[in-house]
Every structure is written in C-alpha cells, then in structure tokens.
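final.cif follows (mmCIF, C-alpha atoms):
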data_run
loop_
_atom_site.label_atom_id
_atom_site.label_comp_id
_atom_site.auth_asym_id
_atom_site.auth_seq_id
_atom_site.Cartn_x
_atom_site.Cartn_y
_atom_site.Cartn_z
CA MET A 416 56.06 119.84 84.92
CA SER A 417 54.69 123.31 84.27
CA SER A 418 54.57 125.68 87.25
CA GLU A 419 52.67 128.38 85.32
CA PRO A 420 48.91 128.00 85.87
CA THR A 421 46.72 127.49 82.81
CA LEU A 422 42.97 127.79 82.39
CA LEU A 423 41.26 125.57 79.80
CA THR A 424 37.81 127.05 79.16
CA ASN A 425 34.73 126.57 76.98
CA SER A 426 34.97 122.80 76.94
CA THR A 427 32.87 119.75 77.74
CA LEU A 428 34.49 117.64 80.45
CA ILE A 429 34.23 113.85 80.23
CA CYS A 430 35.30 113.19 83.81
CA GLY A 431 35.88 109.43 83.71
CA ASP A 432 34.66 109.13 87.31
CA GLU A 433 32.28 106.59 88.81
CA ASP A 434 29.26 108.72 87.89
CA GLY A 435 30.48 109.25 84.34
CA GLN A 436 29.92 112.98 84.60
CA VAL A 437 29.68 115.02 81.38
CA LEU A 438 29.96 118.74 82.20
CA GLU A 439 29.21 121.23 79.42
CA ASP A 440 30.85 124.66 79.15
CA HIS A 441 33.27 123.92 81.95
CA ALA A 442 36.88 124.83 82.62
CA LEU A 443 39.94 123.32 84.28
CA LEU A 444 42.59 125.24 86.18
CA LEU A 445 45.94 123.46 85.85
CA ARG A 446 48.82 124.16 88.20
CA ASP A 447 51.98 122.22 89.15
CA GLY A 448 51.07 119.23 87.03
CA GLN A 449 47.61 118.69 88.47
CA ILE A 450 44.02 119.89 88.21
CA ALA A 451 43.78 122.66 90.79
CA ALA A 452 40.15 123.64 90.24
CA MET A 453 37.22 123.02 87.89
CA GLY A 454 33.86 124.63 87.30
CA PRO A 455 31.69 126.53 84.81
CA SER A 456 33.80 128.51 82.35
CA GLN A 457 32.50 131.99 83.14
CA ARG A 458 32.87 131.51 86.88
CA MET A 459 36.40 130.16 86.47
CA ARG A 460 37.38 133.15 84.30
CA GLU A 461 36.05 135.54 86.92
CA THR A 462 37.78 133.67 89.75
CA HIS A 463 41.14 133.47 87.95
CA PRO A 464 41.34 136.62 85.80
CA ASP A 465 45.15 136.71 85.62
CA VAL A 466 45.64 133.11 84.46
CA ASP A 467 46.40 132.34 80.82
CA ASP A 468 43.03 131.37 79.29
CA ILE A 469 42.97 128.82 76.46
CA ASP A 470 39.52 128.78 74.83
CA LEU A 471 38.84 125.28 73.47
CA HIS A 472 35.77 126.35 71.49
CA GLY A 473 33.52 123.58 72.69
CA GLN A 474 35.96 120.68 72.29
CA LEU A 475 35.90 117.79 74.76
CA ILE A 476 38.48 117.22 77.48
CA LEU A 477 39.01 113.60 78.52
CA PRO A 478 41.52 111.85 80.77
CA GLY A 479 44.47 110.61 78.72
CA GLY A 480 44.13 107.06 77.45
CA ILE A 481 45.81 104.17 79.27
CA CYS A 482 47.13 101.00 77.62
CA ALA A 483 47.39 98.01 79.96
CA HIS A 484 49.58 95.78 77.75
CA THR A 485 51.74 96.60 74.74
CA HIS A 486 55.01 95.69 73.01
CA PHE A 487 56.88 98.72 71.69
CA TYR A 488 59.42 96.54 69.90
CA GLY A 489 56.68 95.31 67.57
CA ALA A 490 56.96 98.60 65.69
CA TYR A 491 59.60 97.04 63.44
CA ALA A 492 57.17 94.32 62.30
CA ARG A 493 54.98 96.78 60.43
CA GLY A 494 55.04 95.89 56.73
CA MET A 495 57.54 93.07 57.28
CA ALA A 496 57.06 89.82 55.33
CA ILE A 497 57.29 86.40 57.00
CA PRO A 498 59.40 84.06 54.83
CA GLY A 499 57.75 80.90 53.53
CA PRO A 500 54.10 79.86 53.74
CA ALA A 501 51.84 81.78 56.08
CA PRO A 502 51.87 80.52 59.71
CA VAL A 503 48.85 78.36 60.41
CA ASN A 504 48.53 78.93 64.15
CA PHE A 505 49.80 81.06 67.02
CA PRO A 506 52.76 78.83 68.01
CA GLN A 507 54.01 79.17 64.43
CA ILE A 508 53.51 82.94 64.59
CA LEU A 509 55.68 83.05 67.70
CA ARG A 510 58.44 80.90 66.24
CA ARG A 511 58.46 82.43 62.77
CA LEU A 512 57.65 86.09 63.48
CA TRP A 513 58.04 87.38 67.02
CA TRP A 514 60.90 85.31 68.36
CA PRO A 515 63.16 85.81 65.32
CA LEU A 516 62.30 89.52 65.41
CA ASP A 517 63.04 90.13 69.08
CA ARG A 518 66.34 88.22 68.68
CA SER A 519 67.24 90.66 65.88
CA LEU A 520 66.86 93.83 67.94
CA SER A 521 69.88 96.01 68.68
CA ALA A 522 70.04 98.79 71.27
CA ASP A 523 69.26 101.31 68.51
CA ALA A 524 66.26 99.26 67.39
CA VAL A 525 64.94 99.13 70.95
CA ARG A 526 65.37 102.89 71.31
CA LEU A 527 63.79 103.76 67.97
CA SER A 528 60.88 101.37 68.30
CA ALA A 529 60.10 103.03 71.64
CA LEU A 530 60.31 106.51 70.09
CA VAL A 531 58.06 105.48 67.18
CA SER A 532 55.56 104.02 69.64
CA ALA A 533 55.72 107.15 71.79
CA LEU A 534 54.91 109.35 68.81
CA ASP A 535 52.01 107.07 67.98
CA ALA A 536 50.74 107.27 71.56
CA ILE A 537 50.88 111.06 71.70
CA ARG A 538 48.99 111.40 68.43
CA HIS A 539 46.34 108.90 69.54
CA GLY A 540 45.87 110.45 72.97
CA THR A 541 47.34 107.56 74.99
CA THR A 542 49.35 108.97 77.88
CA THR A 543 50.21 105.92 80.04
CA LEU A 544 51.47 102.59 78.72
CA PHE A 545 52.40 99.23 80.27
CA ASP A 546 55.15 97.88 78.01
CA HIS A 547 56.31 94.25 77.96
CA HIS A 548 59.76 94.08 76.37
CA ALA A 549 62.06 91.41 74.87
CA SER A 550 65.39 91.75 73.04
CA PRO A 551 67.56 88.68 73.82
CA ALA A 552 70.61 90.08 72.00
CA CYS A 553 70.37 93.31 73.99
CA VAL A 554 69.03 92.62 77.48
CA ALA A 555 71.16 94.71 79.84
CA TYR A 556 69.95 98.31 80.02
CA SER A 557 67.32 97.69 77.34
CA LEU A 558 64.68 99.15 79.66
CA ASP A 559 66.81 102.29 79.99
CA HIS A 560 66.61 102.80 76.22
CA ILE A 561 62.82 102.60 76.44
CA ALA A 562 62.71 104.79 79.54
CA ALA A 563 64.77 107.49 77.83
CA ALA A 564 62.40 107.51 74.87
CA LEU A 565 59.35 107.89 77.12
CA GLU A 566 61.02 110.60 79.19
CA ALA A 567 61.87 112.53 76.03
CA ALA A 568 58.28 112.15 74.86
CA GLY A 569 56.84 113.13 78.25
CA LEU A 570 54.68 110.00 78.58
CA ARG A 571 54.08 107.77 81.57
CA GLY A 572 55.30 104.19 81.30
CA ILE A 573 55.37 101.03 83.39
CA LEU A 574 58.14 98.82 82.00
CA CYS A 575 59.38 95.25 82.37
CA TYR A 576 61.57 92.70 80.63
CA GLU A 577 60.04 89.33 79.78
CA VAL A 578 62.06 86.53 81.39
CA SER A 579 62.03 83.31 79.36
CA ASP A 580 63.99 80.06 79.08
CA ARG A 581 63.57 79.91 75.30
CA ASP A 582 66.96 81.58 74.70
CA GLY A 583 68.87 79.58 77.30
CA PRO A 584 69.88 80.06 80.94
CA ALA A 585 72.17 83.03 80.35
CA ALA A 586 69.37 85.02 78.70
CA ALA A 587 66.96 84.10 81.50
CA GLU A 588 69.49 85.24 84.09
CA ALA A 589 70.04 88.50 82.21
CA GLY A 590 66.28 89.08 82.08
CA ILE A 591 65.95 88.61 85.84
CA ALA A 592 68.83 91.03 86.43
CA GLU A 593 67.34 93.64 84.09
CA ASN A 594 63.98 93.54 85.87
CA LEU A 595 65.60 93.88 89.28
CA ARG A 596 67.87 96.70 88.16
CA PHE A 597 65.06 98.72 86.62
CA LEU A 598 62.70 98.10 89.54
CA ARG A 599 65.28 99.91 91.69
CA GLU A 600 66.06 102.72 89.27
CA ALA A 601 62.47 103.48 88.24
CA LYS A 602 61.79 104.75 91.75
CA GLN A 603 63.81 107.85 90.86
CA LYS A 604 61.84 108.56 87.67
CA PRO A 605 58.62 110.52 88.30
CA LEU A 606 56.78 109.45 85.14
CA LEU A 607 58.04 105.86 85.09
CA SER A 608 57.45 102.72 87.09
CA ALA A 609 58.28 99.01 86.77
CA MET A 610 56.91 95.50 87.00
CA PHE A 611 58.62 92.10 86.78
CA GLY A 612 58.18 90.66 83.31
CA LEU A 613 57.65 86.98 82.48
CA HIS A 614 56.97 85.64 79.00
CA ALA A 615 54.53 82.74 79.46
CA SER A 616 54.17 79.52 81.40
CA MET A 617 55.18 77.46 78.37
CA THR A 618 58.63 79.12 78.17
CA LEU A 619 59.36 79.17 81.91
CA SER A 620 60.80 76.21 83.80
CA GLU A 621 59.93 75.56 87.43
CA GLU A 622 63.41 76.66 88.47
CA THR A 623 63.28 79.94 86.55
CA LEU A 624 59.79 80.72 87.79
CA ARG A 625 60.86 79.99 91.37
CA ARG A 626 63.91 82.22 91.03
CA CYS A 627 61.84 85.12 89.68
CA VAL A 628 59.35 84.94 92.55
CA ALA A 629 62.12 84.59 95.13
CA ALA A 630 64.01 87.54 93.64
CA GLU A 631 61.13 90.02 93.96
CA SER A 632 58.49 89.72 96.68
CA ASN A 633 56.68 93.03 96.19
CA ALA A 634 56.46 93.93 92.51
CA GLY A 635 53.60 92.78 90.35
CA PHE A 636 54.31 90.33 87.55
CA HIS A 637 53.34 90.96 83.91
CA ILE A 638 52.89 87.70 81.97
CA HIS A 639 51.03 86.20 78.99
CA VAL A 640 48.54 83.50 79.98
CA ALA A 641 46.68 81.01 77.78
CA GLU A 642 46.71 83.17 74.69
CA HIS A 643 46.54 79.87 72.77
CA GLU A 644 45.72 76.29 73.78
CA ALA A 645 49.44 75.44 73.50
CA ASP A 646 50.12 77.20 76.81
CA GLN A 647 47.58 75.03 78.59
CA GLU A 648 48.70 71.84 76.85
CA ASP A 649 52.30 72.48 77.89
CA SER A 650 51.35 73.11 81.52
CA LEU A 651 49.13 70.02 81.74
CA GLU A 652 51.77 67.79 80.18
CA ARG A 653 54.78 69.05 82.16
CA TYR A 654 53.25 70.11 85.49
CA GLY A 655 49.93 68.29 85.73
CA CYS A 656 47.85 71.43 86.13
CA ARG A 657 46.48 74.29 84.09
CA VAL A 658 48.41 77.56 83.71
CA VAL A 659 46.47 79.71 86.19
CA GLU A 660 46.77 77.00 88.86
CA ARG A 661 50.52 76.74 88.21
CA LEU A 662 51.00 80.49 88.52
CA HIS A 663 48.83 80.57 91.63
CA ARG A 664 51.00 77.91 93.29
CA ALA A 665 54.09 79.92 92.34
CA ALA A 666 52.69 83.14 93.96
CA VAL A 667 52.67 85.04 90.66
CA LEU A 668 48.98 85.95 90.82
CA ARG A 669 49.11 89.07 92.98
CA PRO A 670 46.72 92.04 93.20
CA ASN A 671 49.36 94.13 91.41
CA SER A 672 50.04 91.53 88.67
CA ILE A 673 48.75 91.59 85.09
CA ILE A 674 48.02 88.48 83.08
CA ALA A 675 47.53 89.23 79.39
CA HIS A 676 44.91 87.51 77.22
CA ALA A 677 43.49 84.58 79.29
CA VAL A 678 41.63 83.44 76.18
CA HIS A 679 41.72 79.70 76.92
CA THR A 680 40.89 79.62 80.61
CA THR A 681 38.22 77.74 82.54
CA GLU A 682 35.65 78.73 85.13
CA GLU A 683 37.86 77.17 87.80
CA GLU A 684 40.75 79.35 86.67
CA HIS A 685 38.50 82.39 86.68
CA GLU A 686 37.65 81.69 90.30
CA ILE A 687 41.36 81.66 91.16
CA LEU A 688 41.92 84.95 89.32
CA ALA A 689 38.97 86.59 91.06
CA ARG A 690 40.10 85.34 94.46
CA ASN A 691 43.61 86.70 93.92
CA ARG A 692 42.28 90.00 92.51
CA THR A 693 44.77 89.70 89.65
CA TRP A 694 44.33 92.01 86.68
CA VAL A 695 43.45 90.41 83.32
CA SER A 696 44.25 92.44 80.22
CA HIS A 697 42.18 92.03 77.04
CA GLN A 698 43.68 92.72 73.59
CA PRO A 699 40.87 92.07 71.08
CA ARG A 700 42.58 93.30 67.88
CA SER A 701 45.57 91.07 68.55
CA ASN A 702 43.39 88.08 69.43
CA MET A 703 41.55 88.44 66.14
CA ASN A 704 44.76 88.90 64.18
CA ASN A 705 46.34 85.79 65.70
CA ALA A 706 43.12 83.77 65.34
CA VAL A 707 43.35 82.59 68.95
CA GLY A 708 39.72 83.19 69.95
CA ALA A 709 38.10 85.52 72.46
CA MET A 710 38.20 85.70 76.24
CA ALA A 711 35.04 85.11 78.28
CA TRP A 712 34.49 88.85 78.78
CA ASP A 713 31.01 88.89 80.30
CA SER A 714 31.41 85.90 82.60
CA MET A 715 34.75 87.23 83.83
CA LEU A 716 33.19 90.58 84.69
CA GLU A 717 30.23 88.88 86.37
CA ARG A 718 32.64 86.85 88.49
CA GLY A 719 34.36 90.06 89.62
CA ILE A 720 37.63 89.63 87.72
CA ARG A 721 39.39 92.95 87.29
CA LEU A 722 39.57 93.32 83.51
CA CYS A 723 41.62 95.99 81.79
CA LEU A 724 42.30 96.86 78.14
CA GLY A 725 45.56 96.79 76.19
CA ASN A 726 46.65 96.67 72.55
CA ASP A 727 49.47 94.05 72.40
CA GLY A 728 51.60 96.24 70.14
CA PHE A 729 48.87 97.37 67.76
CA SER A 730 48.52 101.13 67.27
CA ASN A 731 48.03 103.14 70.45
CA ASN A 732 44.53 104.10 69.34
CA MET A 733 42.76 102.73 72.39
CA TRP A 734 39.33 103.67 71.04
CA ALA A 735 39.97 101.06 68.35
CA GLU A 736 40.34 98.51 71.16
CA TRP A 737 37.04 99.70 72.68
CA LYS A 738 35.35 99.04 69.35
CA ALA A 739 37.03 95.70 68.78
CA ALA A 740 36.14 94.50 72.28
CA TYR A 741 32.53 95.58 71.77
CA LEU A 742 32.17 93.80 68.42
CA LEU A 743 34.27 90.65 68.99
CA GLN A 744 32.06 89.25 71.74
CA LYS A 745 28.96 89.72 69.62
CA VAL A 746 30.54 87.78 66.75
CA VAL A 747 31.82 84.83 68.78
CA THR A 748 28.66 84.47 70.91
CA ARG A 749 26.11 85.58 68.28
CA ASP A 750 24.46 87.49 71.11
CA ALA A 751 24.10 91.26 70.59
CA ARG A 752 23.75 91.78 74.34
CA LYS A 753 27.33 90.75 75.09
CA ALA A 754 30.07 93.28 75.89
CA ASP A 755 27.74 96.12 76.84
CA GLY A 756 29.12 99.52 75.88
CA ALA A 757 28.93 100.78 79.46
CA ASP A 758 31.12 97.86 80.58
CA ILE A 759 33.62 98.59 77.82
CA ALA A 760 33.90 102.19 79.04
CA THR A 761 34.22 101.10 82.68
CA VAL A 762 37.06 98.72 81.88
CA ALA A 763 38.89 101.08 79.51
CA MET A 764 38.66 104.13 81.76
CA ARG A 765 38.05 103.30 85.41
CA HIS A 766 39.70 99.87 85.54
CA ASN A 767 42.75 100.98 83.56
CA ALA A 768 43.03 104.00 85.83
CA ALA A 769 42.86 101.80 88.94
CA LEU A 770 45.54 99.53 87.46
CA THR A 771 47.82 102.54 87.06
CA GLN A 772 47.24 104.14 90.45
CA PRO A 773 49.65 102.07 92.61
CA HIS A 774 52.47 103.01 90.24
CA PHE A 775 51.79 106.75 90.64
CA PRO A 776 50.26 107.04 94.11
CA ASP A 777 50.83 110.77 94.61
CA ARG A 778 47.64 111.76 92.79
CA PRO A 779 44.80 110.13 90.85
CA ILE A 780 45.34 109.34 87.17
CA GLY A 781 42.69 108.65 84.55
CA CYS A 782 40.02 111.06 85.72
CA LEU A 783 39.22 114.77 85.68
CA ALA A 784 38.93 115.82 89.31
CA VAL A 785 40.50 118.37 91.62
CA GLY A 786 43.84 116.99 92.76
CA ALA A 787 44.13 114.55 89.86
CA ALA A 788 47.17 114.53 87.58
CA ALA A 789 46.81 116.81 84.57
CA ASP A 790 47.04 113.89 82.12
CA LEU A 791 44.44 114.81 79.56
CA ILE A 792 43.52 115.03 75.91
CA VAL A 793 41.41 117.47 73.92
CA VAL A 794 39.09 115.98 71.31
CA ASP A 795 37.37 117.93 68.53
CA TYR A 796 34.18 115.89 68.57
CA GLN A 797 31.10 117.90 67.67
CA PRO A 798 28.11 115.61 68.24
CA PHE A 799 24.89 116.07 66.28
CA THR A 800 22.92 114.09 68.89
CA PRO A 801 22.89 114.71 72.66
CA LEU A 802 26.03 113.64 74.52
CA THR A 803 25.24 112.59 78.09
CA ALA A 804 26.69 110.54 80.92
CA GLY A 805 24.33 107.73 79.93
CA ASN A 806 25.23 107.52 76.26
CA PHE A 807 28.90 108.59 76.20
CA PRO A 808 30.23 105.03 75.61
CA TRP A 809 28.21 104.73 72.42
CA HIS A 810 29.49 108.07 71.15
CA VAL A 811 32.99 106.61 71.49
CA LEU A 812 32.03 103.30 69.88
CA PHE A 813 30.22 104.79 66.91
CA GLY A 814 31.54 108.34 66.62
CA PHE A 815 35.04 108.88 68.02
CA GLU A 816 38.08 108.64 65.76
CA SER A 817 41.70 109.07 66.80
CA SER A 818 42.13 111.84 64.22
CA LEU A 819 39.92 114.00 66.44
CA VAL A 820 42.62 114.30 69.14
CA THR A 821 43.99 117.84 68.92
CA HIS A 822 45.99 118.23 72.17
CA THR A 823 47.77 115.79 74.51
CA MET A 824 49.08 116.65 77.98
CA VAL A 825 50.86 114.70 80.75
CA ALA A 826 51.53 116.10 84.23
CA GLY A 827 50.55 119.56 83.02
CA LYS A 828 52.98 119.58 80.09
CA TRP A 829 51.75 119.85 76.52
CA LEU A 830 53.08 116.97 74.42
CA MET A 831 50.94 117.96 71.44
CA ARG A 832 49.01 121.16 70.64
CA ASP A 833 46.83 121.68 67.61
CA ARG A 834 48.02 118.28 66.34
CA GLN A 835 51.69 119.35 66.42
CA VAL A 836 53.91 117.10 68.57
CA LEU A 837 56.09 119.35 70.73
CA THR A 838 58.37 116.99 72.62
CA LEU A 839 59.78 114.81 69.83
CA ASP A 840 61.22 115.49 66.38
CA GLU A 841 58.94 113.36 64.20
CA LYS A 842 60.92 113.78 61.00
CA GLU A 843 64.23 112.86 62.61
CA ILE A 844 62.76 109.80 64.34
CA GLN A 845 61.20 108.68 61.07
CA ARG A 846 64.50 109.16 59.25
CA GLU A 847 66.49 107.19 61.81
CA ALA A 848 63.93 104.40 62.14
CA LEU A 849 63.62 104.00 58.39
CA ALA A 850 67.40 103.94 57.91
CA LEU A 851 67.77 101.15 60.49
CA ALA A 852 64.86 99.00 59.26
CA PRO A 853 66.67 97.19 56.39
CA ALA A 854 69.34 95.81 58.73
CA ILE A 855 66.74 94.69 61.27
CA TRP A 856 64.65 93.05 58.55
CA GLN A 857 67.68 91.33 57.05
CA GLU A 858 68.69 89.88 60.40
CA TYR A 859 65.10 88.86 61.07
CA GLU A 860 64.75 87.11 57.71
CA LYS A 861 67.93 85.11 58.31
CA ARG A 862 66.66 83.93 61.68
CA ALA A 863 63.15 83.28 60.38
CA ARG A 864 64.48 81.13 57.52
CA GLU A 865 66.57 79.13 59.99
CA GLU A 866 63.41 78.45 61.96
CA LEU A 867 61.58 77.51 58.77
CA ASP A 868 64.33 75.04 57.83
CA HIS A 869 63.95 73.31 61.20
#

Please go through the file and, once you have read it, give me the structure as structure tokens.
Amino acid sequence: MSSEPTLLTNSTLICGDEDGQVLEDHALLLRDGQIAAMGPSQRMRETHPDVDDIDLHGQLILPGGICAHTHFYGAYARGMAIPGPAPVNFPQILRRLWWPLDRSLSADAVRLSALVSALDAIRHGTTTLFDHHASPACVAYSLDHIAAALEAAGLRGILCYEVSDRDGPAAAEAGIAENLRFLREAKQKPLLSAMFGLHASMTLSEETLRRCVAAESNAGFHIHVAEHEADQEDSLERYGCRVVERLHRAAVLRPNSIIAHAVHTTEEEHEILARNRTWVSHQPRSNMNNAVGAMAWDSMLERGIRLCLGNDGFSNNMWAEWKAAYLLQKVVTRDARKADGADIATVAMRHNAALTQPHFPDRPIGCLAVGAAADLIVVDYQPFTPLTAGNFPWHVLFGFESSLVTHTMVAGKWLMRDRQVLTLDEKEIQREALALAPAIWQEYEKRAREELDH
C-alpha cells in the first residue's frame, strides 16, 4: 500500500455507482490505498498543489474488473490436445480433459498457473478474482501456492479448494482440511479471503456434503450447479430431488455462497435461490465452449436472483464476458430484447462488487467514490460519439477492447503503468511455465488415455 498521495487528473471517471455517473475532466486523490477525494481536475490541482500530479490526457478511469468464478489451473490446458476422438458432451470433457489435467498438477504447476493467470488479469484490468481450485495430487498447501502468486502480483483473491469424492475418501478429507486451514490463515492476508469449495452435487456423497457443512458454519460455499443435465440426472436418481433442492436441504445455499452456471435449473429452483439470496455466477464463454446451453438470464434477474459474472478459466478479459453474455441470450432465445446492456453492466460491476464486499469489509470495492479502495484501471478509450451514463454499457459492448487498458492499480499500488507490468517478471514466468509444460502434458496424456481405454 502506497502512503504517498497521488493525484490522477484530466480523466473521465466511470464511477460504477448506482447512478452510473460519468464525470468528465475529473481527478482522484489517492492516499493510503483508498480514494481520499475526487472532483474537477483544476479544482483538485489547486486544492492539492504539492501532490504528485499524473495527467492522464483524457483517458478513462474505471473500477478494476472483478471475476466471480475462475480456475487458474486451467492455464495449462491452453493449446493442449485431448487424445482420441473429440468429446461429445460435457461429462466426457470432464473425464477426458479437466479431471486428468487437475490430477497431473504438481506444486510448481499450481504456482505457475496462478502466476500466468495473475499476469493475464493485470493486463486485462481484472483486479479481484474468485478462484476455484483442484489438484488432487497436491492438495495440502495448494492454496498457499496460489496465495503467494497473487500477493506477488498485488491482486485481490478469494480462494477455495473444490472438495469431491471422485478421487476417493482420502482426497475428499484432504480437500476439507485445506479449505479449513486456508479459511483461518486468509484472515491475516489483507488482499486475500477464502470460501469453502465444493466441486458439484454429482461428485459429492451425502456424507461428504454433510461433513463439509458441519465443518464450517459461517463461510460461503463455492460450487458448480447444473452446468449440464448430468448433474440433475444424478441428483434425481440418487437423492430423489433436483440439485438446488438437495443443496438447500444441506444448508449450502447461503447469502455468501456462489453457485456457478445454473444452466439446467427450473423455475422452482430459481425460487429457492432467490429466497436464499444465493449468488449465481454466469460464465457465457465457457457455456458456449462446452455446448451446455445458456442460463435463464432474464427470468433469473426478474425473480430477483443475485447474478454475477465470471470466466470459468477463460482469459481474464471480463469485457469479453460482457459481450458474450449480451449476445448468447439473443442467439438462444432469438429475441433481440434479451440481456439488456444496462443489466449486463449492473451485474458485471455493481453485483460483482457487492459479491466482493463481505470479503473486504474495510472499504468499498468496485466503485470510484471517496473512501473506496483504490482498485482501478486506466483505459485509453477515445470515443467518437458521446459517452454518457445512459449509454456507457453499449460503449463497452461495441467499443472497449482489453488492449486499451494502460494502467492497473490495487489498494493504491501500481501493478501496471503504461502497459508495463511492475510487480511480476513476465519473461521469467513465461520461461518457467513453458519449461514445465511438457511434463504436465505428458502426465495428462497418460491419464487421459487411461480414461479413454476405460
């Protein structure tokens, strides 16, 4: 955290507040990791003449992006071939891609995939990330490897380990222990927090689910729900109810819990989610890639479900998720009115910020306001049509590109200036990650071929 005050002047502020304020030729005074004052540039210069003045030459300042659901370990899947014929559905993708990959991860792979993802986040202007981790061959202290990477990068992170029965009782026990350990230790880390991770209903027995809930009565859970019909089919066959009802009975659906995807859920399940005020995270690029369908975005919002936006391990370019969410609903419904741009912006900015707030209660995150955390990005977007509070979402949807991010800051500390990452050694991380990849891929291919033979 920087104790030296800084004045950012000659900028347009996209405040991210309830009114969606867009303030031209404004300035921010940053001090002790927070926004200490804001106002017109000339007035702020006159009021604070001795403060270092950084002229942004008309660039935009926005709150840093927030990702509500990601998987850092997926970094090692980029460019990797799946042995045999292409998977035909999502259960095959799990068994032939993701589960063999996460079983192949070493401590070094966990660390480097987190560093690679952190670099990607800084460059794309994403400053807070909810990660959902799995590495069955390296469970104990795996969250510490991720935490160290985020601390080195200077990013905020909310971490968990996904408990599952798919690797046997010892792995499930280790996952529970890792969640509990990190929930305690994260309290001492100012930029980090924790949740209790669960994989999905279809890989969790009644006993394991009961033990997880009994072990932690306060933390929110982070779990995949009904990403594919298989999750619902499993729950109906084994437990006689749908997934959301099962999780509701188990006391998993809390106001501080996140369920990811909820693609194949019913109106009755939506009522349960709304009543419990549980967060539902949408990952449109991933849903398209896995051919699982699309969540009922508009009806969920109308029912009052608290939607948020994640990326499921895709690049940390959250504006790409804005665009995918906007377009996907129009394709699947053939109704151009669906997924209104203003709703996309509300979910991506205000809802994601509200999701983050309980984890960092000392000051607001995700908005530009006096007293808010100085988590912000500078964007070199020079519009050739008016940019207003009313049309800002459509400037993002049809004009913003991640390459326009020039500066990234968290808690008053520059992580990137003039597109140069300051906190991490990009070349060294690339060298290490690339050197490790062949061993990870070789181990993955062996495990994937074993699965294929079965």

Hits from the PyMOL selection byres ((chain A and resi 416-432) around 8), listed as a PyMOL selection string: chain A and resi 433-448+456+460+466-478+764-765+781-784+826-828

Taking the file as shown, what set of residues would the PyMOL selection byres ((chain A and resi 636) around 6) give back, as a ChimeraX atom specification? /A:610-612,635,637,672

Skipping near chain neighbours, those fewer than 4 positions away, what residues fall within 8 Å of A:Gly479 using all atoms listed in the file, listed as a list of chain:residue names? A:Gly540, A:Thr541, A:Thr542, A:Thr543, A:Gly781, A:Asp790, A:Leu791, A:Ile792, A:Thr823, A:Met824, A:Val825

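Residues lying within 12 Å of A:His810, counting all atoms listed in the file and ignoring same-chain neighbours fewer than 3 positions away, are Ile429, Trp734, Trp737, Lys738, Gly756, Ala757, Ala760, Tyr796, Gln797, Pro798, Phe799, Thr800, Pro801, Leu802, Thr803, Ala804, Gly805, Asn806, Phe807, Phe813, Gly814, Phe815 and Glu816 of chain A.
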
Just so the selection is clear, what residues does the PyMOL selection byres ((chain A and resi 860) around 9) cover here, as a ChimeraX atom specification? /A:496-498,515-516,855-859,861-865

Counting only C-alpha atoms, which residues of stretch 577-692 of chain A sit at most 10 Å from some atom of stretch 704-718 of chain A, and what is each one's closest atom pair with its distance in Å to one decimal, listed by chain and rising residue number, as a tab-separated table?
residue	atom	partner	partner_atom	distance
A:Ala641	CA	A:Val707	CA	9.6
A:Glu642	CA	A:Val707	CA	6.7
A:His643	CA	A:Val707	CA	5.7
A:Glu644	CA	A:Val707	CA	8.3
A:His676	CA	A:Met710	CA	7.0
A:Ala677	CA	A:Met710	CA	6.2
A:Val678	CA	A:Met710	CA	4.1
A:His679	CA	A:Met710	CA	7.0
A:Thr680	CA	A:Met710	CA	8.0
A:Thr681	CA	A:Ala711	CA	9.1
A:Glu682	CA	A:Met715	CA	8.6
A:His685	CA	A:Met715	CA	6.8
A:Glu686	CA	A:Arg718	CA	7.4
A:Leu688	CA	A:Met715	CA	9.3
A:Ala689	CA	A:Arg718	CA	6.8
A:Arg690	CA	A:Arg718	CA	9.7

Might you pull out every residue within 6 Å of stretch 546-555 of chain A, with only C-alpha atoms counted and same-chain residues fewer than 3 positions away left off, and present them as a list in words? His484, Thr485, His486, Asp517, Arg518, Leu520, Ser521, Leu574, Cys575, Tyr576, Glu577 and Glu593 of chain A

With a distance cut-off of 8 Å and all atoms listed in the file, select the neighbouring residues of A:Tyr491, excluding the residue or stretch itself and same-chain residues fewer than 4 positions from it, and output the selection as a list in words. Met495, Ser528, Ala852 and Ile855 of chain A

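Residue nearest A:Arg721, chosen from A:Thr693, A:Asn633, A:Thr462, A:Ser557 and counting only C-alpha atoms: A:Thr693.
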
Shell around A:Cys482 at 8 Å using all atoms listed in the file, local window under 4 positions removed, as number ranges by chain: A: 541, 543-545, 724-726, 731, 733, 767

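Computed from the coordinates, the atom CA of A:Val640 to atom CA of A:Leu607 distance equals 24.8 Å.
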
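With all atoms listed in the file as the atoms that count, the minimum distance from A:Ser730 to the choices A:Cys656, A:Met453, A:Ala533, A:Val503 is reached by A:Ala533.
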
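Residue nearest A:Pro699 within the list A:Asn732, A:Thr838, A:Gln744, A:Ser817: A:Gln744 [criterion: smallest interatomic distance, only C-alpha atoms].
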
Edge lengths and centre in Å, axis-aligned, stretch 595-611 of chain A plus 3 Å each side, as lines of an AutoDock Vina configuration file:
center_x = 62.3
center_y = 101.3
center_z = 88.4
size_x = 17.1
size_y = 24.4
size_z = 12.7

Any idea what the distance is between atom CA of A:Lys745 and atom CA of A:Asn504? 23.0 Å

Atom CA of A:Asp559 to atom CA of A:Lys604 measures 11.1 Å

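The shortest atom-to-atom distance to A:Arg625, with only C-alpha atoms taken into account, belongs to A:Arg664 out of A:Arg664, A:Arg538, A:Arg571, A:His869.
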
With distances taken over all atoms listed in the file, the candidate from A:Val762, A:Ala567, A:Leu742, A:Val793 nearest A:Leu819 is A:Val793

Among listed residues A:Pro584, A:Pro776, A:Pro808, A:Gly655, nearest A:Glu622 (using all atoms listed in the file): A:Pro584
